[in-house]
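The structure appears below as structure tokens.
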Amino acid sequence: GPEVDMHCNTARRGNSNSRSGSKVKEEKPKKGQARRSKAKEKKKVLREQCEEECRQDEEAPKCSKNHRNEKAKTEERGDFKRKTKDSCDEERNHISSDSSSESEELSADEEESQEEKDVLTQEELEKLKEAVEEKKKLIANLRGKPWPMSKKLVTLRESQEFVEKYEGALGKGKGRKLYAYKVMMMKKWMKFQRDFENFRTACIPWEMKIKEIESHFGSSVASYFIFLRWMYGMNMILFGLTFGLVMVPEALMGRPYGSMPRKTVPRSEQAGAMDFAVLWDFGGYAQYSVLFYGYYNNQRAIGWLKFRMPLSYFLVGVGTVAYSYMVVIRTMARNANRDGGGDDTSFNFSWKMFTSWDYLIGNPETADNKFASITTSFKESIVEEQESHKDENIHLTRFLRVLANFLVLCCLAGSGYLIYFVVRRSQKFALEGLENYGWWERNEVNMVMSLLGMFCPMLFDVISSLENYHPRIALQWQLGRIFALFLGNLYTFIIALMDEINLKRREEEVVKYNMTVWQASLYNGTVDDNSTTSTIPVDPADVPRGPCWETMVGQEFVRLIVSDTMTTYITLLIGDFLRAVFVRFFNYCWCWDLEYGFPSYSEFDVSGNVLGLIFNQGMIWMGAFYAPCLPALNVLRLHVSMYLQCWAVMCCNVPQERVFKASGSNNFYMAMLLVILFLSTLPAIYTIVSIPPSFDCGPFSGKKRMYDVIQETLENDFPLWFGKVFSYASNPGLVLPFILVMILAIYYLQSTSKTYKAANMDLKKKLQTRQVQGW
Amino acid sequence: MDYTNNPDVKLPLALIINMPELKENPFRNRIVESFSEDGLGNISFNDFVDMFSVLSETAPRELKAIYAFKIYDFNTDNFICKEDLEKTLNKLTREELTPEEVNLVCEKAIEEADMDGDNKLCFTDFENMISRAPDFLSTFHIRI
């Protein structure tokens with residue numbers, strides 16, 4: 001075929017194109033064997049010469065003067081600067097395009113020429129392959145080259161043409177058409193991938209909002225919003241799982257409302273089931289719906305699809321946790337790779353000079369702040385550098401730090417006890433009936449937790465001023481303390497919840513006993529009747545119900561999240577918005593300058609907000625098994641938060657005085673998220689494994705343990721050998737050695753990574769000393 | 001105007017540095033100059049795309065380091081010498097530091113980063129220093 005013939009214009013030796021051009025004109029009218037073979041010979045000669053040259057080009061990229069002069073003579077067309085290889089390709093391409101037009105007219109004799117084409121020896125084929133590979137590599141790396149754009153575009157076009165021209169040639173004989181087809185498909189696929197990537201980038205929400213915030217407040221505040229957006233994405237997936245695989249099947253294919261006792265509001269509650277107050281508290285109709293665990297039926301397969309509802313419920317619960325782990329760890333690994341290298345203080349001033357200006361800043365006020373902060377930072381470093389490293393009063397500093405930590409511990413203990421006390425009180429109220437108490441008593445636990453979460457961090461901030469740490473270290477201590485506070489609160493809450501669960505289970509025993517009595521009373525003496533179907537129709541609303549502890553747990557979590565959200569929004573409105581309004585409008589008639597003095601405008605509290613976000617997510621993970629509506633609720637909450645906080649930040653906040661870098665903190669937040677994920681799945685797993693499910697509500701009712709559904713599925717839905725394999729695999733004799741092997745693997749990887757790090761440091765030092773000595 | 005077929009339209013420096021993304025940047029002149037072909041700041045569309053491509057989030061670190069070196073090299077002699085450092089520092093602090101302080105900082109910076117002992121930073125020194133910087137990628141970034 002035509003592509004095989006490579007022409008190398010001897011014009012580079014000084015002749016112009018006219019020679020080959022005239023050759024083309026000459027040969028066009030004639031069609032004959034002789035002409036063709038002669039052309040082929042000439043082509044072969046030219047091709048060899050071309051190959052020779054290309055090899056020379058590859059070996060000596062800086063070509064010799066003679067060569068360069070000759071090339072310069074022939075560069076009549078094109079005034080872009082090209083590398084020597086490019087010019088070779090350019091020539092080749094032009095000539096081959098000429099030759100291809102010539103050979104198009106050889107259509108009748110193509111088959112013969114195909115046989116003759118194989119004058120390419122193996123060696124030349126190899127070289128051609130190498131050249132094509134190199135071009136491909138060049139194309140792949142072109143983005144990273146520091147050339148001007150016009151040069152990059154030209155190189156790209158030429159390389160692509162070269163690859164296109166000769167890639168087809170590499171396939172031999174019959175397979176060639178297939179190869180060319182494959183190459184074309186590959187290109188189409190790459191183009192599709194690129195378009196898809198563009199589309200995906202265009203779909204990323206809130207990009208403009210975040211850019212605006214970035215330019216006003218710098219990268220640290222924007223990092224919170226980027227984190228929020230990432231959380232939103234993760235929650236969307238969780239929502240998709242729970243909604244699509246749990247809520248929708250039950251709603252569409254399960255038994256409808258009112259057909260079973262568990263799906264109906266009990267007679268005693270029906271009067272107030274539609275009240276707003278009851279619905280807001282997630283009682284009434286909200287409780288007896290797909291939103292909570294208790295509504296689901298334990299029928300093994302529902303609908304015409306034979307959808308295994310209990311199995312799906314269980315697997316979705318496990319799947320949400322597994323997915324979250326995967327996503328968090330993957331993001332951590334990606335961040336760790338990007339940051340690379342550890343904490344170096346060897347380039348303090350250089351880094352301050354070259355990396356302190358945040359190029360994202362586009363707002364004059366922020367720029368002013370940034371300039372001021374950079375100047376202050378330099379002055380501080382200069383002072384540190386100038387003064388001798390005398391540790392004045394180290395004992396005083398140490399004493400103050402110990403005192404501060406002691407105060408913090410007191411605070412934490414105090415808050416823990418307060419929550420415990422409040423929870424105990426609420427249990428007392430519940431025993432006496434909640435109707436006797438007002439709104440505060442009913443929501444005491446949630447309110448106290450939210451208020452503690454609001455005021456204690458401020459207290460910690462004040463205490464930390466005793467410690468006199470470097471700001472970044474102070475921030476980490478602050479984050480650590482707030483983390484401990486929230487964790488303590490959360491676990492106290494869980495313990496209280498466990499108490500309630502036990503209470504409800506005892507109640508359940510009583511109800512079960514009463515149930516038999518009630519059923520006997522229905523039959524009025526026909527107790528010996530062994531038939532299981534009741535002939536007396538009973539309205540589902542009248543059947544006595546067990547207290548469904550799972551629904552209760554779900555409700556508690558949902559209430560906690562709702563109250564937390566409300567508290568956050570209200571604090572935002574009062575603490576930020578009203579304060580800003582006050583400062584702005586009362587400044588005219590106030591004794592001192594409000595804007596610089598006491599209240600002034602608030603700054604955006606990055607760490608507090610991030611921690612709030614992380615802990616909320618922890619609560620979602622904990623409660624999602626018992627209330628499938630939680631991810632949906634969270635998606636809504638995050639969506640509203642994004643808009644509300646974006647507005648609040650732009651409207652009421654001022655940029656921080658010490659404009660903080662966001663970089664190191666990113667993995668810190670991810671690490672905390674991972675810890676919270678682990679800690680929040682523990683209670684859920686404990687309840688699943690050790691507490692028997694309620695007897696009359698939920699998809700696992702009637703089973704001894706919730707995970708029995710797996711066993712049941714294995715027995716009924718899978719072939720026999722599968723069950724056997726599974727039982728062998730879950731044999732403790734196999735599982736324990738496996739765990740041991742994994743522990744050993746972790747230990748091994750840990751130690752190798754340590755040695756690699758040490759070797760790395762060693763090499764760095766060697767490099768430094770060698771460079772200093774070498775020159 | 002059909003910019004994709006590469007007409008040789010060049011925009012002057014004064015116009016580009018008033019872009020909202022660059023308006024507040026103390027190095028905006030140098031940024032535009034380093035991406036222009038004539039070194040004076042007149043950039044064509046291709047250079048413009050190049051500039052924001054290097055400054056974008058996904059550009060590789062090595063590429064950013066190359067261009068950062070060009071930007072901070074005020075006298076374009078392929079070395080960051082003490083005068084370049086002084087100019088950088090003055091732009092960063094809007095000349096609020098005293099000359100002694102400026103001197104001290106520049107000397108410390110050279111002392112830290114200069115590996116080959118010629119009292120100025122060549123590209124290798126600069127790259128060696130900037131590749132360890134944890135904030136480089138996040139600050140040397142413009143979102144457009």
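The way I read the labels, and the way they are meant: chains A, B, ... in the order of the structure tokens, residue 1 as the first residue of every chain, and ligand 1 as the first ligand shown, with later ones counted on from there.
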
List the spatial neighbours of region 84-91 of chain B as JSON, numbers by chain - criterion: any atom at most 9 Å away, only C-alpha atoms, same-chain residues fewer than 3 positions off excluded.
{"A": [353, 354], "B": [26, 27, 72, 73, 74, 75, 79, 80, 81, 94, 95, 96, 97, 102, 103, 105, 106, 109, 110]}

Selection export as a short mmCIF file (atom, residue, chain, number, x, y, z; two decimals), in the first residue's frame, atoms kept: N, CA, C and O atoms:
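The resulting file, part21.cif, is reproduced below:
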data_model
loop_
_atom_site.label_atom_id
_atom_site.label_comp_id
_atom_site.auth_asym_id
_atom_site.auth_seq_id
_atom_site.Cartn_x
_atom_site.Cartn_y
_atom_site.Cartn_z
N MET A 353 9.60 33.15 51.20
CA MET A 353 9.69 34.11 50.12
C MET A 353 8.97 33.63 48.87
O MET A 353 8.31 34.39 48.19
N PHE A 354 9.07 32.34 48.58
CA PHE A 354 8.56 31.91 47.28
C PHE A 354 7.18 31.28 47.35
O PHE A 354 6.55 31.12 46.33
N PRO B 26 1.24 40.61 43.36
CA PRO B 26 2.38 41.51 43.24
C PRO B 26 3.34 41.14 42.11
O PRO B 26 4.13 41.96 41.67
N PHE B 27 3.22 39.89 41.62
CA PHE B 27 4.14 39.45 40.58
C PHE B 27 3.50 39.44 39.20
O PHE B 27 4.02 38.82 38.28
N TYR B 72 10.40 34.54 39.11
CA TYR B 72 11.15 35.23 40.16
C TYR B 72 12.51 35.72 39.70
O TYR B 72 13.20 36.41 40.44
N ASP B 73 12.88 35.35 38.50
CA ASP B 73 14.15 35.81 37.96
C ASP B 73 13.92 37.13 37.24
O ASP B 73 13.68 37.17 36.04
N PHE B 74 14.04 38.22 37.99
CA PHE B 74 13.64 39.52 37.45
C PHE B 74 14.53 39.99 36.32
O PHE B 74 14.05 40.60 35.37
N ASN B 75 15.82 39.71 36.41
CA ASN B 75 16.69 40.23 35.35
C ASN B 75 16.97 39.18 34.26
O ASN B 75 17.83 39.38 33.42
N PHE B 79 19.52 33.06 36.63
CA PHE B 79 19.92 32.85 38.02
C PHE B 79 19.07 33.75 38.88
O PHE B 79 18.75 34.87 38.49
N ILE B 80 18.71 33.30 40.05
CA ILE B 80 18.05 34.20 41.00
C ILE B 80 19.15 34.73 41.90
O ILE B 80 19.64 34.04 42.80
N CYS B 81 19.56 35.95 41.62
CA CYS B 81 20.65 36.53 42.41
C CYS B 81 20.06 37.39 43.52
O CYS B 81 18.85 37.48 43.68
N ARG B 94 5.57 44.98 50.34
CA ARG B 94 5.28 46.36 49.97
C ARG B 94 6.26 47.32 50.63
O ARG B 94 5.87 48.36 51.12
N GLU B 95 7.53 46.89 50.67
CA GLU B 95 8.63 47.72 51.15
C GLU B 95 8.46 48.18 52.58
O GLU B 95 8.88 49.27 52.93
N GLU B 96 7.86 47.32 53.40
CA GLU B 96 7.70 47.72 54.79
C GLU B 96 8.83 47.26 55.68
O GLU B 96 8.86 47.58 56.85
N LEU B 97 9.75 46.48 55.12
CA LEU B 97 10.88 46.06 55.94
C LEU B 97 12.04 47.03 55.76
O LEU B 97 12.21 47.61 54.69
N VAL B 102 15.79 43.41 55.05
CA VAL B 102 15.75 42.83 53.70
C VAL B 102 17.05 42.09 53.42
O VAL B 102 17.06 40.96 52.91
N ASN B 103 18.14 42.73 53.79
CA ASN B 103 19.44 42.14 53.55
C ASN B 103 19.58 40.80 54.27
O ASN B 103 20.02 39.80 53.70
N VAL B 105 17.22 38.78 55.33
CA VAL B 105 16.37 37.72 54.77
C VAL B 105 16.95 37.16 53.49
O VAL B 105 16.99 35.94 53.28
N CYS B 106 17.43 38.06 52.61
CA CYS B 106 17.97 37.56 51.33
C CYS B 106 19.19 36.69 51.56
O CYS B 106 19.36 35.64 50.93
N ALA B 109 18.12 33.36 52.79
CA ALA B 109 17.50 32.53 51.75
C ALA B 109 18.56 31.90 50.86
O ALA B 109 18.49 30.71 50.53
N ILE B 110 19.57 32.72 50.50
CA ILE B 110 20.64 32.17 49.64
C ILE B 110 21.40 31.11 50.40
O ILE B 110 21.71 30.03 49.87
#

Could you pull out all residues of region 284-404 of chain A with a DSSP call of alpha helix (DSSP H) and give them as an NGL selection string?
:A and (284-287 or 309-339 or 348-355 or 364-386 or 394-404)

Within 7 Å of chain A, which residues belong to chain B? Use only C-alpha atoms and report them as JSON, numbers by chain.
{"B": [20, 21, 22, 23, 24, 25, 46, 47, 50, 60, 63, 89, 92, 93, 105, 108, 109, 112, 113, 115, 116, 117, 129, 132, 133, 134, 135, 136, 138, 139, 140, 141, 142, 143]}

Extract the full set of strand (DSSP E) residues from region 530-679 of chain A according to DSSP on the backbone, and format it as a ChimeraX atom specification.
/A:602-603,653-654

Please produce an output containing C-alpha atoms for each residue in the selection, written as a PDB file, in the first residue's frame.
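Result file follows (selection.pdb):
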ATOM      1  CA  SER A 602     -16.462  37.673  63.067  1.00  0.00           C
ATOM      2  CA  GLU A 603     -13.911  35.534  61.331  1.00  0.00           C
ATOM      3  CA  ASN A 653     -17.190  37.567  57.812  1.00  0.00           C
ATOM      4  CA  VAL A 654     -13.857  39.233  57.375  1.00  0.00           C
TER       5      VAL A 654
END

Contact residues around region 6-17 of chain B with only C-alpha atoms at 7 Å, ignoring same-chain residues under 5 positions, as a JSON list (two decimals) with all heavy atoms, in the first residue's frame:
[["chain", "number", "residue", "atom", "x", "y", "z"],
["B", 22, "LEU", "N", -5.53, 38.45, 38.23],
["B", 22, "LEU", "CA", -4.14, 38.87, 38.39],
["B", 22, "LEU", "C", -3.99, 40.22, 39.06],
["B", 22, "LEU", "O", -2.90, 40.62, 39.42],
["B", 22, "LEU", "CB", -3.46, 38.95, 37.02],
["B", 22, "LEU", "CG", -3.22, 37.63, 36.32],
["B", 22, "LEU", "CD1", -2.60, 37.89, 34.96],
["B", 22, "LEU", "CD2", -2.28, 36.77, 37.13],
["B", 23, "LYS", "N", -5.13, 40.91, 39.21],
["B", 23, "LYS", "CA", -5.07, 42.31, 39.63],
["B", 23, "LYS", "C", -4.29, 42.51, 40.92],
["B", 23, "LYS", "O", -3.58, 43.49, 41.07],
["B", 23, "LYS", "CB", -6.51, 42.80, 39.83],
["B", 23, "LYS", "CG", -6.71, 44.24, 39.57],
["B", 23, "LYS", "CD", -8.18, 44.59, 39.46],
["B", 23, "LYS", "CE", -9.05, 43.74, 40.34],
["B", 23, "LYS", "NZ", -10.00, 44.52, 41.13],
["B", 28, "ARG", "N", 2.37, 40.16, 39.07],
["B", 28, "ARG", "CA", 1.63, 40.00, 37.82],
["B", 28, "ARG", "C", 2.44, 40.41, 36.59],
["B", 28, "ARG", "O", 2.33, 39.76, 35.55],
["B", 28, "ARG", "CB", 0.32, 40.79, 37.88],
["B", 28, "ARG", "CG", 0.51, 42.25, 38.24],
["B", 28, "ARG", "CD", -0.84, 42.91, 38.48],
["B", 28, "ARG", "NE", -0.69, 44.31, 38.80],
["B", 28, "ARG", "CZ", -0.55, 44.78, 40.03],
["B", 28, "ARG", "NH1", -0.53, 43.95, 41.04],
["B", 28, "ARG", "NH2", -0.40, 46.08, 40.25],
["B", 29, "ASN", "N", 3.25, 41.46, 36.74],
["B", 29, "ASN", "CA", 4.05, 41.85, 35.58],
["B", 29, "ASN", "C", 4.97, 40.74, 35.14],
["B", 29, "ASN", "O", 5.05, 40.37, 33.98],
["B", 29, "ASN", "CB", 4.88, 43.09, 35.92],
["B", 29, "ASN", "CG", 4.04, 44.34, 35.91],
["B", 29, "ASN", "OD1", 3.08, 44.43, 35.15],
["B", 29, "ASN", "ND2", 4.38, 45.28, 36.75],
["B", 32, "VAL", "N", 3.20, 37.69, 33.41],
["B", 32, "VAL", "CA", 2.84, 37.85, 32.01],
["B", 32, "VAL", "C", 4.08, 37.92, 31.15],
["B", 32, "VAL", "O", 4.13, 37.37, 30.05],
["B", 32, "VAL", "CB", 1.97, 39.12, 31.84],
["B", 32, "VAL", "CG1", 1.58, 39.30, 30.41],
["B", 32, "VAL", "CG2", 0.74, 39.02, 32.70],
["B", 41, "GLY", "N", 5.85, 41.06, 27.54],
["B", 41, "GLY", "CA", 4.50, 41.00, 28.07],
["B", 41, "GLY", "C", 3.39, 41.02, 27.04],
["B", 41, "GLY", "O", 2.22, 41.03, 27.41],
["B", 42, "ASN", "N", 3.72, 41.03, 25.75],
["B", 42, "ASN", "CA", 2.66, 41.00, 24.75],
["B", 42, "ASN", "C", 2.37, 39.54, 24.46],
["B", 42, "ASN", "O", 3.20, 38.83, 23.91],
["B", 42, "ASN", "CB", 3.12, 41.70, 23.47],
["B", 42, "ASN", "CG", 3.50, 43.12, 23.75],
["B", 42, "ASN", "OD1", 2.75, 43.85, 24.39],
["B", 42, "ASN", "ND2", 4.68, 43.51, 23.30],
["B", 43, "ILE", "N", 1.18, 39.09, 24.88],
["B", 43, "ILE", "CA", 0.93, 37.67, 24.73],
["B", 43, "ILE", "C", -0.18, 37.40, 23.73],
["B", 43, "ILE", "O", -1.15, 38.14, 23.63],
["B", 43, "ILE", "CB", 0.60, 37.00, 26.08],
["B", 43, "ILE", "CG1", -0.58, 37.69, 26.76],
["B", 43, "ILE", "CG2", 1.78, 37.01, 26.98],
["B", 43, "ILE", "CD1", -0.95, 36.98, 28.03],
["B", 44, "SER", "N", -0.01, 36.32, 23.02],
["B", 44, "SER", "CA", -1.03, 35.87, 22.08],
["B", 44, "SER", "C", -1.96, 34.92, 22.83],
["B", 44, "SER", "O", -1.75, 34.63, 24.00],
["B", 44, "SER", "CB", -0.38, 35.14, 20.92],
["B", 44, "SER", "OG", 0.23, 33.97, 21.41]]

What does the structure give for the distance between CA of Gly546 (chain A) and CA of Asp499 (chain A), in Å to one decimal?
17.3 Å

Surrounding residues of region 487-490 of chain A excluding itself and chain neighbours under 6 positions, 10 Å, only C-alpha atoms, as a ChimeraX atom specification
/A:412-413,415-420,448-450,452-453,481,496,615,618-619,676,679-680

Rounded to one decimal place, report the CA of Asn369 (chain A)-CA of Pro655 (chain A) distance in Å.
7.6 Å
